[in-house]
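Participant: So that you have it, the file is data25.txt, and it contains compact mmCIF, C-alpha atoms:
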# COMPACT_ATOMS: atom_id res chain seq x y z
CA MET O 1 44.23 50.65 38.25
CA GLY O 2 41.07 49.49 39.97
CA LEU O 3 39.10 46.70 38.33
CA LEU O 4 35.64 48.07 39.04
CA ASN O 5 34.44 50.05 36.04
CA GLN O 6 30.90 50.90 37.19
CA THR O 7 29.38 52.87 40.02
CA GLU O 8 27.37 51.28 42.82
CA ASN O 9 24.23 52.90 41.45
CA ILE O 10 24.70 51.16 38.08
CA TYR O 11 25.62 47.86 39.76
CA TYR O 12 22.55 47.69 42.02
CA SER O 13 20.16 48.84 39.30
CA ASN O 14 20.52 45.54 37.40
CA GLU O 15 20.11 42.14 39.09
CA LYS O 16 22.26 40.52 36.39
CA ASN O 17 25.27 42.25 37.91
CA SER O 18 24.85 40.37 41.20
CA GLY O 19 28.06 38.53 42.08
CA SER O 20 29.73 39.33 38.75
CA TYR O 21 32.97 40.42 40.45
CA GLN O 22 33.63 36.79 41.43
CA PHE O 23 34.39 35.92 37.82
CA ILE O 24 36.82 36.81 35.07
CA SER O 25 36.06 36.17 31.41
CA LEU O 26 38.06 33.68 29.38
CA ASP O 27 38.95 36.48 26.92
CA ASP O 28 40.59 38.41 29.78
CA ILE O 29 42.49 35.29 30.86
CA ILE O 30 43.81 34.78 27.32
CA ALA O 31 44.91 38.44 27.13
CA ASN O 32 46.54 38.25 30.59
CA PHE O 33 48.36 35.03 29.68
CA ILE O 34 49.81 36.53 26.50
CA VAL O 35 51.03 39.56 28.45
CA SER O 36 52.54 37.53 31.29
CA TYR O 37 53.86 34.36 29.65
CA VAL O 38 54.55 35.16 25.98
CA GLY O 39 57.32 37.38 24.63
CA GLN O 40 61.05 37.96 24.58
CA ASP O 41 62.86 36.76 27.75
CA LYS O 42 59.65 35.08 28.93
CA LEU O 43 58.66 31.44 29.31
CA ILE O 44 57.21 31.18 25.79
CA PRO O 45 59.16 33.40 23.34
CA LYS O 46 56.50 33.30 20.63
CA ALA O 47 52.93 32.00 20.34
CA ARG O 48 49.92 32.65 18.17
CA LYS O 49 46.77 33.88 19.88
CA ALA O 50 44.81 31.04 18.25
CA ASP O 51 47.07 28.50 20.03
CA VAL O 52 46.55 30.20 23.39
CA GLN O 53 42.79 30.35 22.78
CA PHE O 54 42.62 26.63 21.94
CA HIS O 55 44.49 25.55 25.08
CA ALA O 56 42.48 28.01 27.20
CA MET O 57 39.20 26.48 26.00
CA ARG O 58 40.52 22.96 26.56
CA SER O 59 41.58 23.94 30.09
CA MET O 60 38.12 25.38 30.65
CA GLN O 61 36.53 22.11 29.55
CA GLU O 62 38.71 19.88 31.74
CA LEU O 63 38.37 22.05 34.83
CA SER O 64 34.59 22.31 34.35
CA PHE O 65 34.16 18.56 34.84
CA ASP O 66 35.62 18.17 38.33
CA THR O 67 37.03 21.48 39.64
CA PHE O 68 34.67 24.35 38.84
CA LYS O 69 31.21 24.49 40.36
CA SER O 70 29.63 24.32 36.94
CA ILE O 71 26.48 22.34 37.73
CA LYS O 72 23.45 23.57 35.80
CA SER O 73 19.82 22.68 36.40
CA GLN O 74 16.51 22.58 34.56
CA GLU O 75 12.97 22.11 35.86
CA LEU O 76 10.77 20.10 33.51
CA VAL O 77 7.41 18.33 33.58
CA VAL O 78 7.34 14.70 32.42
CA PRO O 79 4.96 14.48 29.41
CA PRO O 80 2.61 11.52 28.70
CA SER O 81 5.28 10.07 26.39
CA LEU O 82 7.48 9.66 29.53
CA SER O 83 10.53 10.83 27.58
CA LEU O 84 12.44 14.12 27.45
CA MET O 85 15.29 15.45 25.34
CA LEU O 86 18.57 16.09 27.14
CA PRO O 87 19.49 19.77 27.71
CA GLN O 88 21.24 21.45 24.78
CA ASP O 89 24.62 21.80 26.54
CA TYR O 90 24.39 18.51 28.48
CA VAL O 91 27.57 16.50 29.09
CA ASN O 92 26.63 14.31 32.07
CA TYR O 93 24.07 14.37 34.88
CA THR O 94 24.87 14.76 38.56
CA ASN O 95 21.37 14.29 39.97
CA ILE O 96 17.81 13.81 38.70
CA SER O 97 15.03 14.28 41.22
CA CYS O 98 11.25 14.59 41.46
CA VAL O 99 9.58 17.45 43.34
CA ASP O 100 6.69 16.40 45.58
CA SER O 101 3.78 18.48 46.88
CA SER O 102 5.86 19.65 49.85
CA GLY O 103 8.61 20.99 47.59
CA ILE O 104 11.04 18.28 48.66
CA GLN O 105 13.30 16.90 45.93
CA LYS O 106 13.32 13.10 45.91
CA THR O 107 16.27 11.57 44.08
CA LEU O 108 15.35 9.24 41.21
CA GLN O 109 17.43 6.09 40.84
CA PRO O 110 18.72 5.04 37.41
CA THR O 111 17.77 1.58 36.20
CA SER O 112 20.46 -0.23 34.25
CA LYS O 113 18.41 -3.15 32.98
CA VAL O 114 16.20 -1.29 30.48
CA SER O 115 16.96 0.29 27.10
CA ASN O 116 15.22 1.47 23.94
CA PRO O 117 17.08 -0.02 20.95
CA GLN O 118 17.42 2.29 17.94
CA LYS O 119 16.42 -0.38 15.46
CA LYS O 120 14.14 -3.34 15.68
CA GLY O 121 15.33 -6.61 14.21
CA SER O 122 14.05 -7.91 10.90
CA LEU O 123 10.26 -7.71 10.74
CA ILE O 124 10.27 -10.61 8.31
CA SER O 125 9.98 -13.91 10.16
CA ASN O 126 12.65 -15.66 8.12
CA GLY O 127 15.14 -13.32 6.46
CA ASN O 128 17.43 -16.19 5.45
CA ILE O 129 14.87 -17.85 3.21
CA ASN O 130 14.23 -21.58 3.37
CA GLU O 131 11.28 -23.85 2.81
CA ASN O 132 9.91 -23.06 6.28
CA ALA O 133 9.74 -19.32 5.62
CA ASP O 134 6.58 -18.28 7.43
CA GLY O 135 3.82 -16.80 5.29
CA PHE O 136 5.73 -16.37 1.99
CA THR O 137 3.32 -16.77 -0.98
CA PHE O 138 4.01 -16.82 -4.73
CA SER O 139 1.67 -15.86 -7.56
CA ASN O 140 2.85 -18.71 -9.86
CA ASN O 141 5.43 -21.46 -10.19
CA THR O 142 8.11 -19.29 -11.81
CA LEU O 143 9.17 -18.42 -8.25
CA VAL O 144 10.19 -21.41 -6.13
CA PHE O 145 12.33 -22.24 -3.12
CA THR O 146 15.76 -23.59 -4.03
CA ASP O 147 18.67 -25.03 -2.07
CA VAL O 148 21.66 -23.01 -3.28
CA LYS O 149 24.02 -24.55 -0.70
CA ASP O 150 24.93 -21.16 0.77
CA SER O 151 25.23 -20.18 4.43
CA SER O 152 21.49 -19.48 4.72
CA GLY O 153 20.44 -22.87 3.39
CA GLY O 154 17.98 -21.67 0.77
CA ALA O 155 16.67 -18.86 -1.41
CA ILE O 156 14.01 -17.94 -3.97
CA LEU O 157 14.75 -18.86 -7.59
CA ALA O 158 13.22 -16.74 -10.36
CA THR O 159 13.33 -18.43 -13.79
CA SER O 160 12.08 -16.21 -16.61
CA SER O 161 9.49 -14.82 -14.19
CA PRO O 162 7.01 -12.78 -16.25
CA VAL O 163 5.70 -9.31 -15.51
CA GLY O 164 3.17 -9.37 -12.69
CA THR O 165 4.73 -12.29 -10.77
CA LYS O 166 4.70 -11.53 -7.03
CA ILE O 167 6.24 -12.56 -3.73
CA THR O 168 4.02 -11.56 -0.78
CA ILE O 169 5.41 -11.55 2.76
CA PRO O 170 3.31 -10.63 5.84
CA VAL O 171 4.84 -8.03 8.18
CA ASN O 172 3.65 -5.95 11.15
CA VAL O 173 4.37 -2.29 10.34
CA THR O 174 3.22 1.07 11.69
CA GLN O 175 1.68 3.83 9.59
CA GLY O 176 3.98 6.88 9.51
CA SER O 177 7.18 4.95 10.27
CA ASP O 178 10.32 4.63 8.13
CA TYR O 179 11.73 1.26 7.06
CA THR O 180 14.68 -0.17 5.15
CA ILE O 181 14.36 -3.34 3.09
CA SER O 182 17.39 -5.20 1.82
CA PHE O 183 17.96 -8.43 -0.09
CA ASP O 184 20.74 -10.12 -2.03
CA ILE O 185 20.67 -10.88 -5.76
CA SER O 186 22.87 -13.53 -7.39
CA ASN O 187 23.10 -15.16 -10.83
CA PRO O 188 20.43 -17.87 -11.25
CA ASP O 189 22.65 -20.78 -12.36
CA PRO O 190 26.41 -20.25 -12.01
CA ASN O 191 27.13 -23.88 -13.07
CA LEU O 192 26.26 -23.35 -16.74
CA THR O 193 29.08 -23.20 -19.29
CA VAL O 194 27.96 -19.66 -20.03
CA PRO O 195 26.56 -18.46 -16.66
CA LEU O 196 23.11 -16.94 -16.84
CA LEU O 197 23.32 -13.39 -15.49
CA ALA O 198 20.79 -11.90 -13.10
CA SER O 199 18.55 -9.45 -14.92
CA GLY O 200 15.18 -7.74 -14.85
CA ALA O 201 13.45 -5.24 -12.56
CA VAL O 202 11.02 -5.36 -9.64
CA ASP O 203 8.81 -3.01 -7.66
CA VAL O 204 9.10 -3.35 -3.89
CA SER O 205 5.88 -2.26 -2.16
CA LEU O 206 5.35 -1.91 1.59
CA TYR O 207 1.67 -1.93 2.57
CA GLY O 208 0.57 -0.33 5.83
CA LYS O 209 -3.10 -0.23 6.64
CA LYS O 210 -5.43 -1.15 3.80
CA GLY O 211 -5.32 1.35 0.93
CA HIS O 212 -1.87 2.76 1.75
CA LYS O 213 1.52 1.75 0.41
CA VAL O 214 4.96 3.02 -0.58
CA VAL O 215 6.66 1.73 -3.74
CA LYS O 216 10.31 1.65 -4.88
CA SER O 217 11.65 0.29 -8.19
CA ILE O 218 14.84 -1.79 -8.11
CA LEU O 219 16.95 -2.98 -11.05
CA ILE O 220 18.00 -6.64 -10.76
CA THR O 221 21.80 -6.98 -10.92
CA PRO O 222 24.11 -9.16 -8.79
CA GLY O 223 24.80 -7.71 -5.35
CA SER O 224 23.04 -6.37 -2.27
CA LYS O 225 19.97 -4.17 -2.79
CA THR O 226 18.41 -1.73 -0.33
CA ALA O 227 15.44 0.63 -0.44
CA GLN O 228 14.02 3.19 1.99
CA LEU O 229 10.28 2.72 2.50
CA ASN O 230 8.60 5.53 4.41
CA LEU O 231 4.93 4.96 5.24
CA ASN O 232 4.38 8.69 5.58
CA ILE O 233 1.88 10.67 3.53
CA ASP O 234 4.53 13.35 2.92
CA ASP O 235 6.93 10.90 1.23
CA SER O 236 7.18 11.23 -2.57
CA ASP O 237 6.84 7.44 -3.04
CA TYR O 238 3.75 7.17 -0.83
CA VAL O 239 0.50 6.39 -2.66
CA THR O 240 -3.08 5.43 -1.88
CA THR O 241 -4.30 2.27 -3.58
CA THR O 242 -7.33 0.06 -4.14
CA ASP O 243 -5.20 -3.07 -3.50
CA VAL O 244 -6.59 -5.33 -0.80
CA GLN O 245 -3.21 -6.06 0.83
CA SER O 246 -2.26 -4.63 4.20
CA ASN O 247 0.73 -5.12 6.50
CA SER O 248 2.82 -6.90 3.90
CA VAL O 249 5.84 -6.59 1.62
CA VAL O 250 5.21 -7.34 -2.07
CA ILE O 251 8.05 -7.83 -4.56
CA GLU O 252 6.46 -7.63 -8.04
CA VAL O 253 8.22 -8.32 -11.34
CA THR O 254 8.08 -5.34 -13.74
CA THR O 255 10.62 -6.68 -16.25
CA ILE O 256 11.20 -10.45 -16.78
CA VAL O 257 13.49 -11.61 -13.96
CA GLU O 258 16.27 -14.20 -13.96
CA ALA O 259 17.82 -14.26 -10.48
CA ILE O 260 18.22 -15.82 -7.06
CA ILE O 261 16.74 -13.66 -4.27
CA ASP O 262 18.04 -14.27 -0.75
CA ASN O 263 18.30 -12.71 2.74
CA ILE O 264 15.22 -10.47 2.65
CA ILE O 265 15.36 -8.19 5.70
CA LEU O 266 12.99 -5.38 6.71
CA ILE O 267 14.13 -3.06 9.55
CA GLU O 268 12.35 -0.13 11.18
CA ASN O 269 14.56 2.96 11.25
CA ARG O 270 14.77 5.93 13.61
CA THR O 271 15.35 8.54 10.95
CA SER O 272 11.89 10.10 10.99
CA LYS O 273 10.53 9.07 14.40
CA LYS O 274 11.62 7.15 17.46
CA VAL O 275 11.02 3.43 17.50
CA ILE O 276 9.04 2.29 20.54
CA SER O 277 10.89 -0.92 21.31
CA THR O 278 9.24 -3.75 23.22
CA SER O 279 11.63 -3.14 26.12
CA TRP O 280 10.69 0.56 26.46
CA SER O 281 6.99 -0.14 25.84
CA ASN O 282 6.85 -2.68 28.67
CA TYR O 283 8.82 -0.41 31.00
CA LYS O 284 6.60 2.66 30.57
CA SER O 285 3.34 0.70 30.72
CA HIS O 286 4.27 -1.01 33.99
CA THR O 287 2.58 0.44 37.08
CA PRO O 288 5.07 0.36 39.95
CA LYS O 289 4.04 -0.13 43.56
CA THR O 290 4.59 3.32 45.04
CA ASN O 291 3.51 4.98 48.24
CA ASN O 292 2.38 8.58 48.16
CA ASN O 293 3.27 9.43 51.75
CA ASP O 294 2.40 12.69 53.46
CA TYR O 295 5.19 12.12 56.04
CA GLU O 296 2.61 11.45 58.74
CA ASP O 297 1.01 8.08 58.04
CA ASP O 298 2.38 4.59 58.75
CA SER O 299 1.96 3.07 55.31
CA ARG O 300 5.65 2.20 54.98
CA TRP O 301 5.62 0.17 58.21
CA MET O 302 2.94 -2.20 56.95
CA ALA O 303 5.68 -4.08 55.04
CA GLU O 304 7.75 -4.72 58.15
CA GLY O 305 9.94 -7.81 57.69
CA GLN O 306 9.04 -8.12 53.99
CA ARG O 307 12.07 -6.31 52.60
CA TYR O 308 14.69 -8.83 53.73
CA GLY O 309 17.23 -9.43 50.97
CA ILE O 310 16.12 -6.56 48.73
CA GLU O 311 18.86 -4.77 46.79
CA PRO O 312 19.35 -1.23 48.16
CA GLN O 313 19.22 0.34 44.69
CA TYR O 314 15.63 -0.89 44.34
CA ALA O 315 14.55 -0.07 47.91
CA GLN O 316 12.91 3.23 47.01
CA ASP O 317 9.62 4.35 45.51
CA ASN O 318 10.53 7.75 44.09
CA GLY O 319 10.59 6.45 40.52
CA THR O 320 13.28 5.41 38.07
CA PHE O 321 14.79 6.62 34.82
CA PHE O 322 17.32 5.63 32.20
CA ILE O 323 19.16 7.44 29.41
CA ASP O 324 19.37 5.86 25.98
CA ASN O 325 19.92 7.32 22.50
CA ASN O 326 20.42 10.78 24.07
CA THR O 327 16.91 10.74 25.54
CA LEU O 328 15.67 10.60 29.15
CA TYR O 329 13.05 7.92 29.82
CA PHE O 330 10.98 7.81 33.03
CA SER O 331 8.82 5.20 34.77
CA SER O 332 5.05 5.54 34.47
CA ALA O 333 4.55 6.82 38.04
CA LEU O 334 6.33 10.06 37.06
CA ASN O 335 3.83 11.07 34.37
CA GLY O 336 2.99 14.76 34.89
CA LYS O 337 5.48 15.15 37.76
CA THR O 338 8.00 18.01 38.01
CA ILE O 339 11.56 16.84 37.42
CA ILE O 340 14.80 18.65 38.34
CA ILE O 341 17.77 17.73 36.15
CA LYS O 342 21.16 18.79 37.50
CA TYR O 343 23.98 18.33 35.02
CA ILE O 344 27.44 19.48 34.06
CA SER O 345 28.47 21.17 30.83
CA ASP O 346 31.94 21.84 29.45
CA GLY O 347 31.95 25.58 30.17
CA ILE O 348 32.30 26.74 26.56
CA ALA O 349 28.81 26.26 25.16
CA THR O 350 28.04 30.00 25.15
CA ASP O 351 29.95 33.23 25.75
CA ALA O 352 28.10 33.62 29.05
CA ASP O 353 29.46 30.24 30.19
CA MET O 354 33.09 31.16 29.53
CA MET O 355 33.67 32.73 32.92
CA VAL O 356 36.29 31.57 35.42
CA HIS O 357 35.94 32.02 39.18
CA LYS O 358 38.79 34.12 40.53
CA LEU O 359 39.61 31.43 43.07
CA ALA O 360 40.58 29.19 40.13
CA GLU O 361 42.16 31.81 37.85
CA GLU O 362 45.73 30.73 38.59
CA ALA O 363 44.86 27.11 37.82
CA VAL O 364 43.75 28.09 34.31
CA TYR O 365 47.03 29.95 33.68
CA LYS O 366 49.05 26.91 34.78
CA CYS O 367 46.95 24.56 32.66
CA ILE O 368 47.48 26.72 29.55
CA ALA O 369 51.23 27.04 30.24
CA TYR O 370 51.70 23.29 30.70
CA ALA O 371 49.63 22.45 27.61
CA MET O 372 51.62 24.84 25.41
CA LEU O 373 55.02 23.77 26.75
CA SER O 374 54.28 20.04 26.48
CA THR O 375 53.29 20.36 22.80
CA ARG O 376 56.49 22.19 21.72
CA SER O 377 59.59 20.41 20.50
CA ASN O 378 62.32 22.78 21.76
CA ILE O 379 61.36 22.96 25.45
CA PRO O 380 63.65 21.13 27.95
CA GLU O 381 61.88 18.26 29.69
CA TYR O 382 62.64 19.56 33.18
CA ILE O 383 60.66 22.74 32.42
CA VAL O 384 57.73 20.69 31.11
CA GLN O 385 57.75 18.55 34.26
CA ARG O 386 58.01 21.63 36.47
CA TYR O 387 54.86 23.12 34.95
CA ARG O 388 53.14 19.76 35.05
CA LYS O 389 53.61 19.74 38.85
CA GLU O 390 52.52 23.37 39.09
CA LYS O 391 49.39 22.58 37.08
CA PHE O 392 48.34 19.76 39.42
CA ALA O 393 49.19 21.80 42.52
CA SER O 394 47.18 24.82 41.37
CA THR O 395 44.25 22.56 40.39
CA ARG O 396 44.19 20.98 43.86
CA LYS O 397 44.36 24.41 45.45
CA ALA O 398 41.46 25.61 43.28
CA LYS O 399 39.38 22.59 44.36
CA LEU O 400 40.00 23.37 48.03
CA ARG O 401 39.13 27.03 47.56
CA LEU O 402 35.95 26.29 45.61
CA SER O 403 34.82 23.64 48.12
CA ASN O 404 33.85 26.65 50.27
CA ILE O 405 34.57 25.02 53.63
CA LYS O 406 33.83 27.39 56.51
CA LEU O 407 35.33 26.65 59.95
CA GLU O 408 32.24 27.73 61.90
CA GLU O 409 29.93 25.60 59.73
CA LEU O 410 32.21 22.57 60.07
CA THR O 411 32.37 23.08 63.84
CA GLN O 412 28.58 23.20 64.08
CA ILE O 413 28.32 19.90 62.19
CA LEU O 414 30.95 18.17 64.31
CA ARG O 415 29.21 19.21 67.53
CA GLY O 416 26.66 16.52 66.78
CA LYS O 417 29.34 13.83 66.34
CA SER O 418 30.20 13.31 70.01
CA LYS O 419 33.39 15.34 69.55
CA GLN O 420 34.73 17.99 71.88
CA ILE O 421 35.58 20.99 69.71
CA LYS O 422 37.76 23.73 71.12
CA HIS O 423 37.80 27.04 69.31
Represent the structure of the file as structure tokens.
Facilitator:
Amino acid sequence: MGLLNQTENIYYSNEKNSGSYQFISLDDIIANFIVSYVGQDKLIPKARKADVQFHAMRSMQELSFDTFKSIKSQELVVPPSLSLMLPQDYVNYTNISCVDSSGIQKTLQPTSKVSNPQKKGSLISNGNINENADGFTFSNNTLVFTDVKDSSGGAILATSSPVGTKITIPVNVTQGSDYTISFDISNPDPNLTVPLLASGAVDVSLYGKKGHKVVKSILITPGSKTAQLNLNIDDSDYVTTTDVQSNSVVIEVTTIVEAIIDNIILIENRTSKKVISTSWSNYKSHTPKTNNNDYEDDSRWMAEGQRYGIEPQYAQDNGTFFIDNNTLYFSSALNGKTIIIKYISDGIATDADMMVHKLAEEAVYKCIAYAMLSTRSNIPEYIVQRYRKEKFASTRKAKLRLSNIKLEELTQILRGKSKQIKH
């Protein structure tokens, strides 16, 4: 009946076995629960194994967040980009620190006033077109500004615009980035007895550096139009050209156009690469005032009396970080430094994670029992409430057990607190 199924020789021959007796696998807990709680004349007369497995995994997740000691850690080096991907099984961080030359971990403070937006706003200076639209040029007078009395106050009117007619709009784009252009098309004169319908076709070209562009063809019909424009050499619509334009959007008529064009918007996407927003760019290029102390000099005392009124969260020089778009971003002083990320997972990412400490085994059983009873329709409420109380009691007991408080260690600490300890 003993639980040990290997000899001491086998155990000590493999370091992976160290401390393994502390834990029980989630599969064993599921099997034990079915034997103990499910069956005739038992608490749960009948239950599918899949139901027990689901509630066992949910219990594992919930207990991993604040009961189990399930903190993981990774040691990483901050690259020149000053950004790192989050760990694969990351749920939330508990501490992020920097390791100095003495091996001491210095806690990094999060900064809440910086972010890296996923999309930049419209790169066209006046998306809602009016007569002050900056830099718009037209190849002939078949394209003119018009007041259409809509919410934007103006638009571009195309009246029998022939093939080759162009609208050119200056933009500031980056080679290799991905963009989305959108604009609205409406009928050119809705006040006619027989309204003139929007018709024709255009090519939308986005020019990067001189000699490079991406082209998309769009059929002119009433409604909102969008096109993906990827300035990447691997894109099928990317071409080299002898055109002299650069950093501009060109809408060129390829079939005679009758239409009103309004609300031209160009946005940089994050589908192919991360956008370096102005906020993030300024943050990572800033050189903070830091002191590289060796724990022996007096450099910190030179600022005596100069820190009055400073906010405590900023009264440190270890460096800062923030998390945005599932990416870790660091301040420039941390470039090349070793970073320790301590984080929690949900305990079910891999089979190796699905282990329960024996000090918390009973809590898992109670969590599964309460979850199964509370989701059934034929269970008396007093039984549900009884197991609800047992679940919370066993969870509290597991927390106390796993807190690993030792009387001698606590006594040693309290000896320095001006307390008389008798033991």
Participant: Taking all atoms listed in the file into account, produce a table as a Markdown table in which each residue of region 329-374 of chain O with an atom at most 9 Å from an atom of region 40-46 of chain O appears once, together with its shortest atom pair and the distance in Å to one decimal, ordered by chain and rising number.
Facilitator:
| residue | atom | partner | partner_atom | distance |
| --- | --- | --- | --- | --- |
| O:Ala369 | CA | O:Ile44 | CA | 8.5 |
| O:Met372 | CA | O:Ile44 | CA | 8.5 |
| O:Leu373 | CA | O:Ile44 | CA | 7.8 |
Participant: Residues of the last selection are to be written out with C-alpha atoms, as a CSV table (one decimal), in the coordinates of the input.
Facilitator:
chain,number,residue,atom,x,y,z
O,369,ALA,CA,51.2,27.0,30.2
O,372,MET,CA,51.6,24.8,25.4
O,373,LEU,CA,55.0,23.8,26.8
Participant: Env of region 250-266 of chain O: 7 Å cut, atoms = all atoms listed in the file, seq-sep filter 5 positions within chain, self excluded. Answer as a PyMOL selection string.
Facilitator: chain O and resi 122-124+127-129+155-169+179-188+198-206
Participant: Next, dump the selected residues to file, keeping only C-alpha atoms, as a JSON list (two decimals), in the coordinates of the input.
Facilitator:
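Saved the output as out-v5.json:
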[["chain", "number", "residue", "atom", "x", "y", "z"],
["O", 122, "SER", "CA", 14.05, -7.91, 10.90],
["O", 123, "LEU", "CA", 10.26, -7.71, 10.74],
["O", 124, "ILE", "CA", 10.27, -10.61, 8.31],
["O", 127, "GLY", "CA", 15.14, -13.32, 6.46],
["O", 128, "ASN", "CA", 17.43, -16.19, 5.45],
["O", 129, "ILE", "CA", 14.87, -17.85, 3.21],
["O", 155, "ALA", "CA", 16.67, -18.86, -1.41],
["O", 156, "ILE", "CA", 14.01, -17.94, -3.97],
["O", 157, "LEU", "CA", 14.75, -18.86, -7.59],
["O", 158, "ALA", "CA", 13.22, -16.74, -10.36],
["O", 159, "THR", "CA", 13.33, -18.43, -13.79],
["O", 160, "SER", "CA", 12.08, -16.21, -16.61],
["O", 161, "SER", "CA", 9.49, -14.82, -14.19],
["O", 162, "PRO", "CA", 7.01, -12.78, -16.25],
["O", 163, "VAL", "CA", 5.70, -9.31, -15.51],
["O", 164, "GLY", "CA", 3.17, -9.37, -12.69],
["O", 165, "THR", "CA", 4.73, -12.29, -10.77],
["O", 166, "LYS", "CA", 4.70, -11.53, -7.03],
["O", 167, "ILE", "CA", 6.24, -12.56, -3.73],
["O", 168, "THR", "CA", 4.02, -11.56, -0.78],
["O", 169, "ILE", "CA", 5.41, -11.55, 2.76],
["O", 179, "TYR", "CA", 11.73, 1.26, 7.06],
["O", 180, "THR", "CA", 14.68, -0.17, 5.15],
["O", 181, "ILE", "CA", 14.36, -3.34, 3.09],
["O", 182, "SER", "CA", 17.39, -5.20, 1.82],
["O", 183, "PHE", "CA", 17.96, -8.43, -0.09],
["O", 184, "ASP", "CA", 20.74, -10.12, -2.03],
["O", 185, "ILE", "CA", 20.67, -10.88, -5.76],
["O", 186, "SER", "CA", 22.87, -13.53, -7.39],
["O", 187, "ASN", "CA", 23.10, -15.16, -10.83],
["O", 188, "PRO", "CA", 20.43, -17.87, -11.25],
["O", 198, "ALA", "CA", 20.79, -11.90, -13.10],
["O", 199, "SER", "CA", 18.55, -9.45, -14.92],
["O", 200, "GLY", "CA", 15.18, -7.74, -14.85],
["O", 201, "ALA", "CA", 13.45, -5.24, -12.56],
["O", 202, "VAL", "CA", 11.02, -5.36, -9.64],
["O", 203, "ASP", "CA", 8.81, -3.01, -7.66],
["O", 204, "VAL", "CA", 9.10, -3.35, -3.89],
["O", 205, "SER", "CA", 5.88, -2.26, -2.16],
["O", 206, "LEU", "CA", 5.35, -1.91, 1.59]]
Participant: How many Å separate CA of Leu84 (chain O) from CA of Glu62 (chain O)?
Facilitator: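 Distance between the two atoms: 27.2 Å.
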Participant: Using all atoms listed in the file, find each residue of region 34-125 of chain O with at least one atom at most 7 Å away from an atom of region 332-350 of chain O; report its shortest atom-to-atom pair and that distance in Å (one decimal), sort the rows by chain and rising residue number, and return the result as JSON lines.
Facilitator:
{"residue": "O:Met57", "atom": "CA", "partner": "O:Ile348", "partner_atom": "CA", "distance": 6.9}
{"residue": "O:Met60", "atom": "CA", "partner": "O:Gly347", "partner_atom": "CA", "distance": 6.2}
{"residue": "O:Gln61", "atom": "CA", "partner": "O:Asp346", "partner_atom": "CA", "distance": 4.6}
{"residue": "O:Ser64", "atom": "CA", "partner": "O:Asp346", "partner_atom": "CA", "distance": 5.6}
{"residue": "O:Phe65", "atom": "CA", "partner": "O:Asp346", "partner_atom": "CA", "distance": 6.7}
{"residue": "O:Ser70", "atom": "CA", "partner": "O:Ile344", "partner_atom": "CA", "distance": 6.0}
{"residue": "O:Ile71", "atom": "CA", "partner": "O:Ile344", "partner_atom": "CA", "distance": 4.8}
{"residue": "O:Lys72", "atom": "CA", "partner": "O:Tyr343", "partner_atom": "CA", "distance": 5.3}
{"residue": "O:Ser73", "atom": "CA", "partner": "O:Lys342", "partner_atom": "CA", "distance": 4.3}
{"residue": "O:Gln74", "atom": "CA", "partner": "O:Ile341", "partner_atom": "CA", "distance": 5.3}
{"residue": "O:Glu75", "atom": "CA", "partner": "O:Ile340", "partner_atom": "CA", "distance": 4.6}
{"residue": "O:Leu76", "atom": "CA", "partner": "O:Ile339", "partner_atom": "CA", "distance": 5.2}
{"residue": "O:Val77", "atom": "CA", "partner": "O:Thr338", "partner_atom": "CA", "distance": 4.5}
{"residue": "O:Val78", "atom": "CA", "partner": "O:Gly336", "partner_atom": "CA", "distance": 5.0}
{"residue": "O:Pro79", "atom": "CA", "partner": "O:Gly336", "partner_atom": "CA", "distance": 5.8}
{"residue": "O:Pro80", "atom": "CA", "partner": "O:Asn335", "partner_atom": "CA", "distance": 5.8}
{"residue": "O:Leu82", "atom": "CA", "partner": "O:Asn335", "partner_atom": "CA", "distance": 6.2}
{"residue": "O:Asp89", "atom": "CA", "partner": "O:Ser345", "partner_atom": "CA", "distance": 5.8}
{"residue": "O:Tyr90", "atom": "CA", "partner": "O:Ser345", "partner_atom": "CA", "distance": 5.4}
{"residue": "O:Val91", "atom": "CA", "partner": "O:Ser345", "partner_atom": "CA", "distance": 5.1}
{"residue": "O:Asn92", "atom": "CA", "partner": "O:Ile344", "partner_atom": "CA", "distance": 5.6}
{"residue": "O:Tyr93", "atom": "CA", "partner": "O:Tyr343", "partner_atom": "CA", "distance": 4.0}
{"residue": "O:Thr94", "atom": "CA", "partner": "O:Tyr343", "partner_atom": "CA", "distance": 5.1}
{"residue": "O:Asn95", "atom": "CA", "partner": "O:Lys342", "partner_atom": "CA", "distance": 5.1}
{"residue": "O:Ile96", "atom": "CA", "partner": "O:Ile341", "partner_atom": "CA", "distance": 4.7}
{"residue": "O:Ser97", "atom": "CA", "partner": "O:Ile340", "partner_atom": "CA", "distance": 5.2}
{"residue": "O:Cys98", "atom": "CA", "partner": "O:Ile339", "partner_atom": "CA", "distance": 4.6}
{"residue": "O:Val99", "atom": "CA", "partner": "O:Thr338", "partner_atom": "CA", "distance": 5.6}
Participant: Work out how far CA of Pro110 (chain O) is from CA of Ile323 (chain O), in Å to one decimal.
Facilitator: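 Computing it gives 8.4 Å between the two atoms.
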Participant: So how many Å separate CA of Leu86 (chain O) and CA of Asp353 (chain O), to one decimal?
Facilitator: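 Interatomic distance, CA of Leu86 (chain O) to CA of Asp353 (chain O): 18.1 Å.
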Participant: Rank nothing, just name the residue among O:Gln228, O:Ser374, O:Arg401, O:Glu390 nearest to His55 (chain O), using all atoms listed in the file.
Facilitator: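 For His55 (chain O), the nearest of the candidates is O:Ser374.
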Participant: I need the residue nearest Asn17 (chain O) from this list: O:Ile34, O:Ile29, O:Leu108, O:Leu4. Use only C-alpha atoms for the distance.
Facilitator: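 Closest residue, counting only C-alpha atoms: O:Leu4.
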